[in-house]
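What's in target_24.txt: compact mmCIF, C-alpha atoms and all ligand atoms
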# COMPACT_ATOMS: atom_id res chain seq x y z
CA MET R 1378 37.34 25.55 -77.93
CA SER R 1379 34.53 23.04 -78.28
CA ILE R 1380 31.16 23.98 -76.75
CA ASP R 1381 30.11 20.32 -76.78
CA LEU R 1382 32.29 19.21 -73.87
CA THR R 1383 31.86 15.75 -72.38
CA GLU R 1384 33.16 14.20 -69.17
CA ASN R 1385 36.14 12.87 -71.10
CA SER R 1386 36.76 15.52 -73.79
CA ILE R 1387 37.08 18.40 -71.29
CA THR R 1388 40.52 17.24 -70.12
CA LYS R 1389 42.25 17.81 -73.48
CA GLU R 1390 40.45 21.14 -73.88
CA VAL R 1391 41.76 22.42 -70.54
CA GLN R 1392 45.26 21.05 -71.19
CA SER R 1393 45.43 22.85 -74.54
CA THR R 1394 44.92 26.21 -72.79
CA PHE R 1395 48.47 25.82 -71.50
CA ASP R 1396 49.93 25.55 -75.04
CA GLY R 1397 50.88 29.23 -74.89
CA CYS R 1398 53.05 28.88 -71.76
CA HIS R 1399 56.39 30.63 -72.32
CA ASP R 1400 58.05 28.28 -69.89
CA ALA R 1401 58.11 24.60 -70.95
CA ARG R 1402 58.29 23.35 -67.36
CA THR R 1403 55.20 25.39 -66.36
CA ARG R 1404 53.31 23.79 -69.23
CA GLU R 1405 54.51 20.30 -68.33
CA VAL R 1406 53.44 20.70 -64.70
CA PHE R 1407 49.97 22.13 -65.45
CA VAL R 1408 49.17 19.64 -68.22
CA ALA R 1409 50.01 16.77 -65.86
CA LEU R 1410 48.15 18.41 -62.96
CA VAL R 1411 44.98 18.75 -65.04
CA ARG R 1412 45.28 15.13 -66.20
CA HIS R 1413 45.62 13.82 -62.63
CA LEU R 1414 42.94 16.11 -61.15
CA HIS R 1415 40.43 15.15 -63.82
CA ASP R 1416 41.26 11.44 -63.61
CA PHE R 1417 40.86 11.68 -59.83
CA ALA R 1418 37.42 13.31 -60.09
CA ARG R 1419 36.29 10.71 -62.65
CA GLU R 1420 37.69 7.80 -60.65
CA VAL R 1421 35.96 8.68 -57.37
CA ARG R 1422 32.86 10.11 -59.16
CA LEU R 1423 33.30 13.32 -57.14
CA THR R 1424 29.96 14.83 -56.10
CA GLY R 1425 29.22 18.57 -56.05
CA GLU R 1426 28.85 18.42 -52.27
CA GLU R 1427 32.24 16.77 -51.88
CA TRP R 1428 33.81 19.39 -54.13
CA PHE R 1429 32.33 22.18 -51.93
CA THR R 1430 33.62 20.40 -48.82
CA ALA R 1431 37.12 20.29 -50.33
CA VAL R 1432 37.06 23.99 -51.27
CA ASP R 1433 35.83 24.90 -47.79
CA PHE R 1434 38.59 22.72 -46.29
CA LEU R 1435 41.33 24.46 -48.32
CA GLU R 1436 39.88 27.85 -47.38
CA ARG R 1437 40.09 26.94 -43.69
CA VAL R 1438 43.67 25.66 -44.13
CA GLY R 1439 44.53 29.05 -45.59
CA LYS R 1440 42.78 31.02 -42.86
CA ILE R 1441 44.55 29.26 -39.98
CA THR R 1442 47.99 29.51 -41.63
CA THR R 1443 50.48 32.03 -40.18
CA ALA R 1444 54.28 32.31 -40.06
CA THR R 1445 54.31 30.00 -37.02
CA ARG R 1446 51.25 27.86 -37.87
CA GLN R 1447 51.97 26.28 -41.24
CA GLU R 1448 48.79 24.29 -41.90
CA TYR R 1449 49.53 23.93 -45.64
CA VAL R 1450 52.93 22.45 -44.80
CA LEU R 1451 51.21 20.12 -42.33
CA LEU R 1452 48.67 19.06 -44.99
CA SER R 1453 51.52 18.22 -47.35
CA ASP R 1454 53.26 16.37 -44.50
CA ILE R 1455 50.32 14.17 -43.44
CA LEU R 1456 49.62 13.26 -47.08
CA GLY R 1457 53.24 12.13 -47.49
CA LEU R 1458 53.90 14.72 -50.20
CA SER R 1459 56.71 16.50 -48.33
CA VAL R 1460 58.69 13.28 -47.89
CA LEU R 1461 57.91 12.17 -51.47
CA VAL R 1462 59.36 15.43 -52.84
CA ASP R 1463 62.41 14.93 -50.64
CA LEU R 1464 62.88 11.35 -51.90
CA ILE R 1465 62.41 12.35 -55.56
CA ASN R 1466 65.06 15.04 -55.29
CA ASP R 1467 67.67 13.18 -53.27
CA GLN R 1468 70.71 13.23 -55.54
CA SER R 1469 73.26 12.88 -52.75
CA ARG R 1470 75.82 10.10 -52.59
CA PRO R 1471 75.01 7.12 -50.40
CA SER R 1472 77.60 8.22 -47.84
CA ALA R 1473 75.83 11.56 -47.22
CA THR R 1474 73.50 11.87 -44.23
CA ASP R 1475 69.90 11.27 -45.30
CA SER R 1476 67.57 14.24 -45.46
CA THR R 1477 64.01 14.40 -44.24
CA LEU R 1478 61.26 16.99 -43.95
CA LEU R 1479 61.59 20.49 -42.48
CA GLY R 1480 58.30 20.51 -40.59
CA PRO R 1481 56.32 23.59 -39.59
CA PHE R 1482 58.33 24.66 -36.53
CA TYR R 1483 61.48 26.05 -38.16
CA VAL R 1484 61.71 29.79 -37.39
CA GLU R 1485 63.79 32.20 -39.52
CA GLY R 1486 64.49 34.57 -36.61
CA ARG R 1487 66.19 31.99 -34.40
CA PRO R 1488 68.97 33.21 -32.09
CA THR R 1489 72.62 32.50 -32.78
CA ALA R 1490 74.56 30.72 -30.04
CA PRO R 1491 78.21 29.92 -29.35
CA ASN R 1492 79.23 26.28 -29.02
CA GLY R 1493 78.58 25.01 -25.51
CA ALA R 1494 75.61 27.33 -24.93
CA ASP R 1495 72.50 26.18 -23.08
CA ILE R 1496 69.96 26.72 -25.86
CA SER R 1497 67.01 25.90 -23.59
CA ALA R 1498 67.77 29.41 -22.30
CA GLY R 1499 66.94 28.20 -18.80
CA ILE R 1500 63.30 29.11 -19.36
CA VAL R 1501 62.06 25.63 -20.12
CA SER R 1502 62.51 22.76 -17.71
CA GLY R 1503 63.35 19.18 -18.55
CA MET R 1504 66.09 16.55 -18.35
CA PRO R 1505 69.45 18.08 -19.44
CA LEU R 1506 70.64 16.91 -22.84
CA PHE R 1507 74.16 17.41 -24.19
CA PHE R 1508 74.51 17.23 -27.97
CA THR R 1509 77.90 16.82 -29.62
CA GLY R 1510 78.12 16.78 -33.40
CA ARG R 1511 80.59 16.81 -36.26
CA VAL R 1512 80.08 17.98 -39.82
CA VAL R 1513 82.27 16.28 -42.43
CA GLY R 1514 82.61 15.75 -46.19
CA PRO R 1515 82.41 12.35 -47.93
CA ALA R 1516 86.01 11.44 -47.03
CA GLY R 1517 85.44 12.29 -43.37
CA ASP R 1518 87.22 15.64 -43.81
CA PRO R 1519 85.96 18.19 -41.24
CA ILE R 1520 83.94 21.18 -42.47
CA PRO R 1521 84.83 24.23 -40.36
CA GLY R 1522 82.51 27.26 -40.40
CA ALA R 1523 79.38 25.26 -41.32
CA ARG R 1524 76.18 26.90 -40.09
CA VAL R 1525 74.08 24.49 -38.05
CA ASP R 1526 70.46 25.18 -37.21
CA THR R 1527 68.97 22.98 -34.52
CA TRP R 1528 65.49 22.98 -32.99
CA HIS R 1529 63.40 20.58 -30.91
CA SER R 1530 60.46 20.27 -28.53
CA ASP R 1531 60.55 20.42 -24.75
CA GLY R 1532 60.02 17.47 -22.41
CA ASP R 1533 56.25 17.76 -22.90
CA GLY R 1534 56.55 17.60 -26.69
CA LEU R 1535 55.87 21.31 -27.20
CA TYR R 1536 57.93 23.74 -29.30
CA ASP R 1537 58.59 27.28 -28.05
CA VAL R 1538 56.26 28.76 -30.68
CA GLN R 1539 53.41 26.61 -29.33
CA GLN R 1540 53.75 28.21 -25.88
CA ALA R 1541 54.54 31.78 -26.91
CA GLU R 1542 52.31 33.24 -24.19
CA ARG R 1543 53.99 31.31 -21.37
CA LEU R 1544 57.47 32.11 -22.75
CA HIS R 1545 56.54 35.76 -23.42
CA GLY R 1546 57.50 35.25 -27.06
CA HIS R 1547 61.06 34.11 -26.23
CA LEU R 1548 62.51 31.49 -28.56
CA ALA R 1549 64.08 28.49 -26.84
CA MET R 1550 65.35 25.03 -27.74
CA ARG R 1551 66.55 26.38 -31.07
CA ALA R 1552 69.75 28.09 -32.21
CA LEU R 1553 72.09 28.73 -35.09
CA LEU R 1554 75.60 27.46 -34.29
CA THR R 1555 78.83 27.39 -36.30
CA THR R 1556 81.26 24.49 -36.48
CA ASP R 1557 84.77 25.02 -35.09
CA GLY R 1558 88.05 24.33 -36.94
CA GLU R 1559 87.53 20.57 -36.61
CA GLY R 1560 83.95 20.64 -37.86
CA ARG R 1561 82.57 20.21 -34.35
CA PHE R 1562 79.54 21.81 -32.75
CA TRP R 1563 78.05 21.20 -29.33
CA TYR R 1564 75.34 22.55 -27.10
CA ARG R 1565 73.33 21.88 -23.97
CA SER R 1566 69.53 21.79 -23.98
CA ILE R 1567 66.73 19.66 -22.54
CA ALA R 1568 65.58 16.26 -23.77
CA PRO R 1569 62.69 16.47 -26.26
CA ARG R 1570 59.70 14.11 -26.28
CA TYR R 1571 57.36 12.53 -28.83
CA TYR R 1572 54.38 14.72 -29.64
CA PRO R 1573 51.21 14.87 -31.72
CA VAL R 1574 51.21 17.07 -34.83
CA PRO R 1575 48.74 19.95 -34.33
CA THR R 1576 45.22 18.47 -34.60
CA ASP R 1577 43.16 21.53 -33.63
CA GLY R 1578 42.96 22.71 -37.27
CA PRO R 1579 41.58 21.28 -40.54
CA CYS R 1580 44.37 18.66 -40.81
CA GLY R 1581 43.18 17.21 -37.49
CA GLU R 1582 39.85 16.44 -39.19
CA ILE R 1583 41.63 14.19 -41.71
CA ILE R 1584 43.62 12.46 -38.97
CA ARG R 1585 40.46 11.78 -36.93
CA ALA R 1586 38.39 10.73 -39.98
CA ALA R 1587 41.02 8.09 -40.77
CA ASP R 1588 41.51 7.15 -37.12
CA ARG R 1589 45.23 7.75 -37.69
CA SER R 1590 47.85 8.30 -35.02
CA PRO R 1591 48.87 11.98 -34.85
CA MET R 1592 52.16 11.13 -33.12
CA ARG R 1593 55.70 12.00 -34.20
CA PRO R 1594 58.52 10.05 -32.53
CA GLU R 1595 61.02 11.97 -30.40
CA HIS R 1596 63.56 13.81 -32.55
CA ILE R 1597 65.92 16.76 -32.92
CA HIS R 1598 65.90 18.85 -36.12
CA PHE R 1599 69.02 20.02 -37.98
CA ARG R 1600 69.64 22.21 -40.99
CA PHE R 1601 73.16 22.64 -42.41
CA HIS R 1602 74.65 25.22 -44.75
CA ALA R 1603 78.31 25.11 -45.75
CA GLU R 1604 80.09 26.62 -48.72
CA GLY R 1605 80.80 24.05 -51.43
CA TYR R 1606 78.21 21.58 -50.09
CA ASP R 1607 74.50 21.00 -50.68
CA PRO R 1608 72.28 22.26 -47.86
CA LEU R 1609 70.93 19.45 -45.68
CA ILE R 1610 67.66 19.34 -43.70
CA THR R 1611 67.36 16.36 -41.41
CA MET R 1612 66.41 14.99 -37.97
CA LEU R 1613 67.77 12.44 -35.53
CA PHE R 1614 65.25 10.07 -33.95
CA ARG R 1615 65.49 8.35 -30.58
CA ALA R 1616 66.16 4.62 -31.11
CA ASP R 1617 63.80 3.30 -28.39
CA ASP R 1618 60.84 5.54 -29.27
CA PRO R 1619 57.45 3.75 -29.45
CA TYR R 1620 56.27 5.76 -32.48
CA LEU R 1621 59.20 5.17 -34.88
CA ALA R 1622 57.12 2.95 -37.17
CA SER R 1623 53.97 5.09 -37.09
CA ASP R 1624 55.22 8.64 -37.68
CA ALA R 1625 52.21 10.78 -38.69
CA VAL R 1626 54.30 12.50 -41.39
CA PHE R 1627 56.41 9.54 -42.68
CA GLY R 1628 59.70 11.29 -41.81
CA VAL R 1629 61.64 8.45 -40.14
CA LYS R 1630 64.55 6.84 -42.01
CA ARG R 1631 66.50 3.94 -40.53
CA SER R 1632 69.82 5.78 -40.94
CA LEU R 1633 68.55 8.66 -38.78
CA VAL R 1634 67.63 6.51 -35.75
CA VAL R 1635 70.29 7.01 -33.07
CA ASP R 1636 70.96 6.34 -29.39
CA PHE R 1637 69.90 8.99 -26.91
CA VAL R 1638 72.10 7.76 -24.05
CA GLN R 1639 70.80 8.06 -20.47
CA HIS R 1640 73.33 8.88 -17.71
CA GLU R 1641 73.23 9.00 -13.93
CA PRO R 1642 74.26 12.33 -12.33
CA GLY R 1643 77.93 13.00 -13.11
CA THR R 1644 80.19 14.79 -15.56
CA ALA R 1645 78.75 15.76 -18.95
CA PRO R 1646 80.82 15.65 -22.20
CA ASP R 1647 81.62 19.37 -21.90
CA GLY R 1648 82.95 18.90 -18.34
CA THR R 1649 79.83 20.31 -16.63
CA VAL R 1650 79.01 18.48 -13.40
CA VAL R 1651 75.30 17.63 -13.49
CA ASP R 1652 73.53 16.65 -10.26
CA VAL R 1653 70.49 15.08 -11.98
CA PRO R 1654 70.21 12.30 -14.60
CA PHE R 1655 70.99 13.55 -18.12
CA GLN R 1656 71.15 12.40 -21.74
CA THR R 1657 73.82 12.63 -24.41
CA VAL R 1658 73.60 12.32 -28.17
CA ASP R 1659 76.65 12.26 -30.43
CA TRP R 1660 76.43 12.18 -34.21
CA THR R 1661 78.52 12.86 -37.31
CA PHE R 1662 76.72 14.47 -40.26
CA THR R 1663 78.17 13.98 -43.75
CA LEU R 1664 77.39 16.65 -46.34
CA ASN R 1665 77.23 16.14 -50.09
CA PRO R 1666 79.63 18.30 -52.17
CA SER R 1667 77.76 20.72 -54.50
CA ALA R 1668 77.70 19.73 -58.14
CA GLY R 1669 78.83 23.04 -59.63
C1 LIG R 1701 58.12 18.49 -36.82
O1 LIG R 1701 58.89 17.57 -36.75
O2 LIG R 1701 58.39 19.52 -36.23
C2 LIG R 1701 56.86 18.32 -37.61
C3 LIG R 1701 56.93 17.82 -38.87
C4 LIG R 1701 55.74 17.67 -39.60
C5 LIG R 1701 54.53 18.01 -39.04
C6 LIG R 1701 54.47 18.50 -37.73
C7 LIG R 1701 55.65 18.65 -37.01
FE FE R 1702 59.71 18.31 -34.84
Take the structure I supplied and represent it as structure tokens, if you would.
Amino acid sequence: MSIDLTENSITKEVQSTFDGCHDARTREVFVALVRHLHDFAREVRLTGEEWFTAVDFLERVGKITTATRQEYVLLSDILGLSVLVDLINDQSRPSATDSTLLGPFYVEGRPTAPNGADISAGIVSGMPLFFTGRVVGPAGDPIPGARVDTWHSDGDGLYDVQQAERLHGHLAMRALLTTDGEGRFWYRSIAPRYYPVPTDGPCGEIIRAADRSPMRPEHIHFRFHAEGYDPLITMLFRADDPYLASDAVFGVKRSLVVDFVQHEPGTAPDGTVVDVPFQTVDWTFTLNPSAG
């Protein structure tokens, strides 16, 4: 290694330290990472003070991160990296439902629920919402036994995990369902609402420094697993939402914008008589067959 490093020669020196990588992909990724990091520092003429600020920022992102507060995921989201990775890796056929980001509010320990269940668990109030869905293959063939995760905010734009104290740690507005013999799944819940991404941590500093909107348009999350098909992570967005074109995490795709239909009191799709106004959403999700 040279001991006469210059601003430009150091990049090759660092890259060559990855020559011994046993895994070619690891080498490729680190060599490119060093190139881009060094070019970035040279381009913006990064000062020592700015470098310390960045290290302190990343340290604070790490310190605030927990299983239910995913600040690193949020950082990736607000920088558009999560959606970029999703776009780069989208190999599905055009007929398949588009994917989008997972977000930080997916919880592994979510409850299972039978079709027709009220997944708001009656512990969160809001306008009743009845969701009816179908899961099909590219030819419209139903996929029975598909596992369907769904999760969404309450009518104030808050997820259960953001109000753990009030809900005594109960999970609500999320469930794992299974499609019936015709690929159908359905549940009752409460209508979600647009909400700001969490801004009380380090990522909030970036949003405020740029005077950016922290808002996400109203949506419902879905995650599908079915044998013989690629997993799908996606969301459905409310068509008349004011924040569709300014999503803080760049997650909206035109194909995922759907009607959340408003109804006067009456009979819901599952036959329940509802004595207050309610909403319905109906959507068919098309999965992509696995390659192998
Ligand atoms: C969400 O939709 O749950 C979400 C996605 C990215 C950042 C914050 C929230
Ligand atoms: Fe969300």
Within 7 Å of ligand LIG 1701 (chain R) (all atoms listed in the file), residues as a ChimeraX atom specification: /R:1451,1454,1478-1482,1574-1575,1593,1626
Top pick for closest residue to ligand FE 1702 (chain R), considering R:Asp1618, R:Asp1588, R:Asp1531, R:Glu1542 and counting all atoms listed in the file: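 Closest to ligand FE 1702 (chain R), using all atoms listed in the file: R:Asp1531.
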Point-to-point distance from CA of Ile1465 (chain R) to CA of Ala1622 (chain R), Å rounded to tenths: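 Separation of CA of Ile1465 (chain R) and CA of Ala1622 (chain R): 21.3 Å.
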Spatial neighbours of Met1592 (chain R), 8 Å, all atoms listed in the file, chain gap at least 4 places, as an NGL selection string: :R and (1571-1574 or 1620 or 1623-1625)
Pick from R:Glu1485, R:Asp1475, R:Glu1420, R:Asp1577 nearest to Leu1553 (chain R), counting all atoms listed in the file: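 Comparing R:Glu1485, R:Asp1475, R:Glu1420, R:Asp1577 against Leu1553 (chain R), the winner is R:Glu1485.
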Within 7 Å of ligand FE 1702 (chain R), counting all atoms listed in the file, residues as a PDB file with C-alpha atoms, in the frame of the given file:
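In the end it all went to selection-v3.pdb:
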ATOM      1  CA  GLY R1480      58.300  20.510 -40.590  1.00  0.00           C
ATOM      2  CA  PHE R1482      58.330  24.660 -36.530  1.00  0.00           C
ATOM      3  CA  HIS R1529      63.400  20.580 -30.910  1.00  0.00           C
ATOM      4  CA  SER R1530      60.460  20.270 -28.530  1.00  0.00           C
ATOM      5  CA  HIS R1596      63.560  13.810 -32.550  1.00  0.00           C
ATOM      6  CA  ILE R1597      65.920  16.760 -32.920  1.00  0.00           C
ATOM      7  CA  HIS R1598      65.900  18.850 -36.120  1.00  0.00           C
TER       8      HIS R1598
END
Shell around Phe1601 (chain R) at 7 Å using only C-alpha atoms, local window under 6 positions removed, as number ranges by chain: R: 1523-1526, 1608-1610
Would you output that residue set with C-alpha atoms, as a PDB file, in the frame of the given file?
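Output contents, as saved in part-v2.pdb:
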ATOM      1  CA  ALA R1523      79.380  25.260 -41.320  1.00  0.00           C
ATOM      2  CA  ARG R1524      76.180  26.900 -40.090  1.00  0.00           C
ATOM      3  CA  VAL R1525      74.080  24.490 -38.050  1.00  0.00           C
ATOM      4  CA  ASP R1526      70.460  25.180 -37.210  1.00  0.00           C
ATOM      5  CA  PRO R1608      72.280  22.260 -47.860  1.00  0.00           C
ATOM      6  CA  LEU R1609      70.930  19.450 -45.680  1.00  0.00           C
ATOM      7  CA  ILE R1610      67.660  19.340 -43.700  1.00  0.00           C
TER       8      ILE R1610
END
Closest of R:Val1460, R:Met1550, R:Val1538, R:Val1650 to Ala1490 (chain R) - atom-to-atom distances counting all atoms listed in the file: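 Result for the nearest residue to Ala1490 (chain R): R:Met1550.
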Proximity to Asn1492 (chain R) - best of R:Gly1628, R:Gly1560, R:Pro1471, R:Gly1578, all atoms listed in the file: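 Distance minimum relative to Asn1492 (chain R) lands on R:Gly1560.
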Length of the CA of Ala1668 (chain R) to CA of Phe1614 (chain R) vector [Å]: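 Calculated distance between CA of Ala1668 (chain R) and CA of Phe1614 (chain R) is 28.9 Å.
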Separation of CA of Arg1561 (chain R) from CA of Leu1535 (chain R) in Å: 27.7 Å
Counting all atoms listed in the file, the residue of R:Val1462, R:Val1635, R:Val1421, R:Leu1554 that sits nearest Pro1491 (chain R): R:Leu1554
Proximity to Gly1517 (chain R) - best of R:Gln1539, R:Thr1474, R:Asp1617, R:Gln1468, only C-alpha atoms: R:Thr1474
Residue contacts of Val1513 (chain R) (7 Å, only C-alpha atoms) excluding same-chain residues fewer than 3 positions away, as a ChimeraX atom specification: /R:1517-1520,1560,1662-1664
Could you turn the residues from that selection into a file that holds C-alpha atoms, as a PDB file, keeping the file's coordinate frame?
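Output contents, as saved in result.pdb:
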ATOM      1  CA  GLY R1517      85.440  12.290 -43.370  1.00  0.00           C
ATOM      2  CA  ASP R1518      87.220  15.640 -43.810  1.00  0.00           C
ATOM      3  CA  PRO R1519      85.960  18.190 -41.240  1.00  0.00           C
ATOM      4  CA  ILE R1520      83.940  21.180 -42.470  1.00  0.00           C
ATOM      5  CA  GLY R1560      83.950  20.640 -37.860  1.00  0.00           C
ATOM      6  CA  PHE R1662      76.720  14.470 -40.260  1.00  0.00           C
ATOM      7  CA  THR R1663      78.170  13.980 -43.750  1.00  0.00           C
ATOM      8  CA  LEU R1664      77.390  16.650 -46.340  1.00  0.00           C
TER       9      LEU R1664
END
Test item: residues at most 12 Å from Glu1390 (chain R), only C-alpha atoms, excluding those fewer than 5 positions along its chain, as number ranges by chain: R: 1378-1385, 1395-1396, 1408, 1411-1412, 1415
Surrounding residues of Ala1498 (chain R) excluding itself and chain neighbours under 4 positions, 12 Å, all atoms listed in the file, as an MDAnalysis selection string: chainID R and resid 1488:1490 1494 1502:1503 1505 1531 1537 1544 1547:1552 1564:1567
Could you add all heavy atoms to region 1531-1540 of chain R and give me the result as a tab-separated table (two decimals), keeping the file's coordinate frame?
chain	number	residue	atom	x	y	z
R	1531	ASP	N	60.17	20.58	-26.16
R	1531	ASP	CA	60.55	20.42	-24.75
R	1531	ASP	C	60.16	19.01	-24.26
R	1531	ASP	O	59.72	18.16	-25.05
R	1531	ASP	CB	59.93	21.53	-23.88
R	1531	ASP	CG	58.41	21.44	-23.78
R	1531	ASP	OD1	57.82	20.41	-24.21
R	1531	ASP	OD2	57.80	22.39	-23.28
R	1532	GLY	N	60.30	18.79	-22.98
R	1532	GLY	CA	60.02	17.47	-22.41
R	1532	GLY	C	58.55	17.09	-22.41
R	1532	GLY	O	58.18	15.95	-22.11
R	1533	ASP	N	57.68	18.06	-22.75
R	1533	ASP	CA	56.25	17.76	-22.90
R	1533	ASP	C	55.86	17.66	-24.37
R	1533	ASP	O	54.67	17.57	-24.70
R	1533	ASP	CB	55.40	18.86	-22.24
R	1533	ASP	CG	55.60	18.92	-20.73
R	1533	ASP	OD1	55.73	17.84	-20.12
R	1533	ASP	OD2	55.66	20.04	-20.18
R	1534	GLY	N	56.86	17.72	-25.26
R	1534	GLY	CA	56.55	17.60	-26.69
R	1534	GLY	C	56.05	18.89	-27.31
R	1534	GLY	O	55.42	18.86	-28.36
R	1535	LEU	N	56.35	20.02	-26.66
R	1535	LEU	CA	55.87	21.31	-27.20
R	1535	LEU	C	57.05	22.17	-27.65
R	1535	LEU	O	58.06	22.28	-26.93
R	1535	LEU	CB	55.10	22.08	-26.13
R	1535	LEU	CG	53.71	21.55	-25.78
R	1535	LEU	CD1	53.16	22.28	-24.56
R	1535	LEU	CD2	52.76	21.70	-26.97
R	1536	TYR	N	56.92	22.78	-28.83
R	1536	TYR	CA	57.93	23.74	-29.30
R	1536	TYR	C	57.67	25.09	-28.64
R	1536	TYR	O	56.56	25.39	-28.21
R	1536	TYR	CB	57.86	23.87	-30.83
R	1536	TYR	CG	58.48	22.68	-31.53
R	1536	TYR	CD1	57.77	21.50	-31.70
R	1536	TYR	CD2	59.79	22.73	-31.98
R	1536	TYR	CE1	58.35	20.40	-32.32
R	1536	TYR	CE2	60.38	21.65	-32.60
R	1536	TYR	CZ	59.65	20.48	-32.76
R	1536	TYR	OH	60.23	19.40	-33.37
R	1537	ASP	N	58.73	25.93	-28.61
R	1537	ASP	CA	58.59	27.28	-28.05
R	1537	ASP	C	57.43	28.05	-28.66
R	1537	ASP	O	56.64	28.69	-27.96
R	1537	ASP	CB	59.92	28.06	-28.22
R	1537	ASP	CG	60.48	28.00	-29.64
R	1537	ASP	OD1	59.83	27.40	-30.52
R	1537	ASP	OD2	61.56	28.57	-29.86
R	1538	VAL	N	57.29	27.97	-30.01
R	1538	VAL	CA	56.26	28.76	-30.68
R	1538	VAL	C	54.85	28.29	-30.34
R	1538	VAL	O	53.88	28.99	-30.61
R	1538	VAL	CB	56.45	28.78	-32.22
R	1538	VAL	CG1	57.70	29.56	-32.59
R	1538	VAL	CG2	56.51	27.36	-32.78
R	1539	GLN	N	54.73	27.10	-29.74
R	1539	GLN	CA	53.41	26.61	-29.33
R	1539	GLN	C	53.06	27.08	-27.91
R	1539	GLN	O	51.99	26.79	-27.42
R	1539	GLN	CB	53.37	25.08	-29.38
R	1539	GLN	CG	53.50	24.52	-30.78
R	1539	GLN	CD	53.58	23.00	-30.77
R	1539	GLN	OE1	54.55	22.42	-30.31
R	1539	GLN	NE2	52.53	22.37	-31.26
R	1540	GLN	N	54.02	27.72	-27.24
R	1540	GLN	CA	53.75	28.21	-25.88
R	1540	GLN	C	54.27	29.65	-25.76
R	1540	GLN	O	54.89	30.01	-24.75
R	1540	GLN	CB	54.37	27.29	-24.84
R	1540	GLN	CG	55.73	26.74	-25.23
R	1540	GLN	CD	56.24	25.68	-24.27
R	1540	GLN	OE1	55.93	25.68	-23.09
R	1540	GLN	NE2	57.04	24.77	-24.79
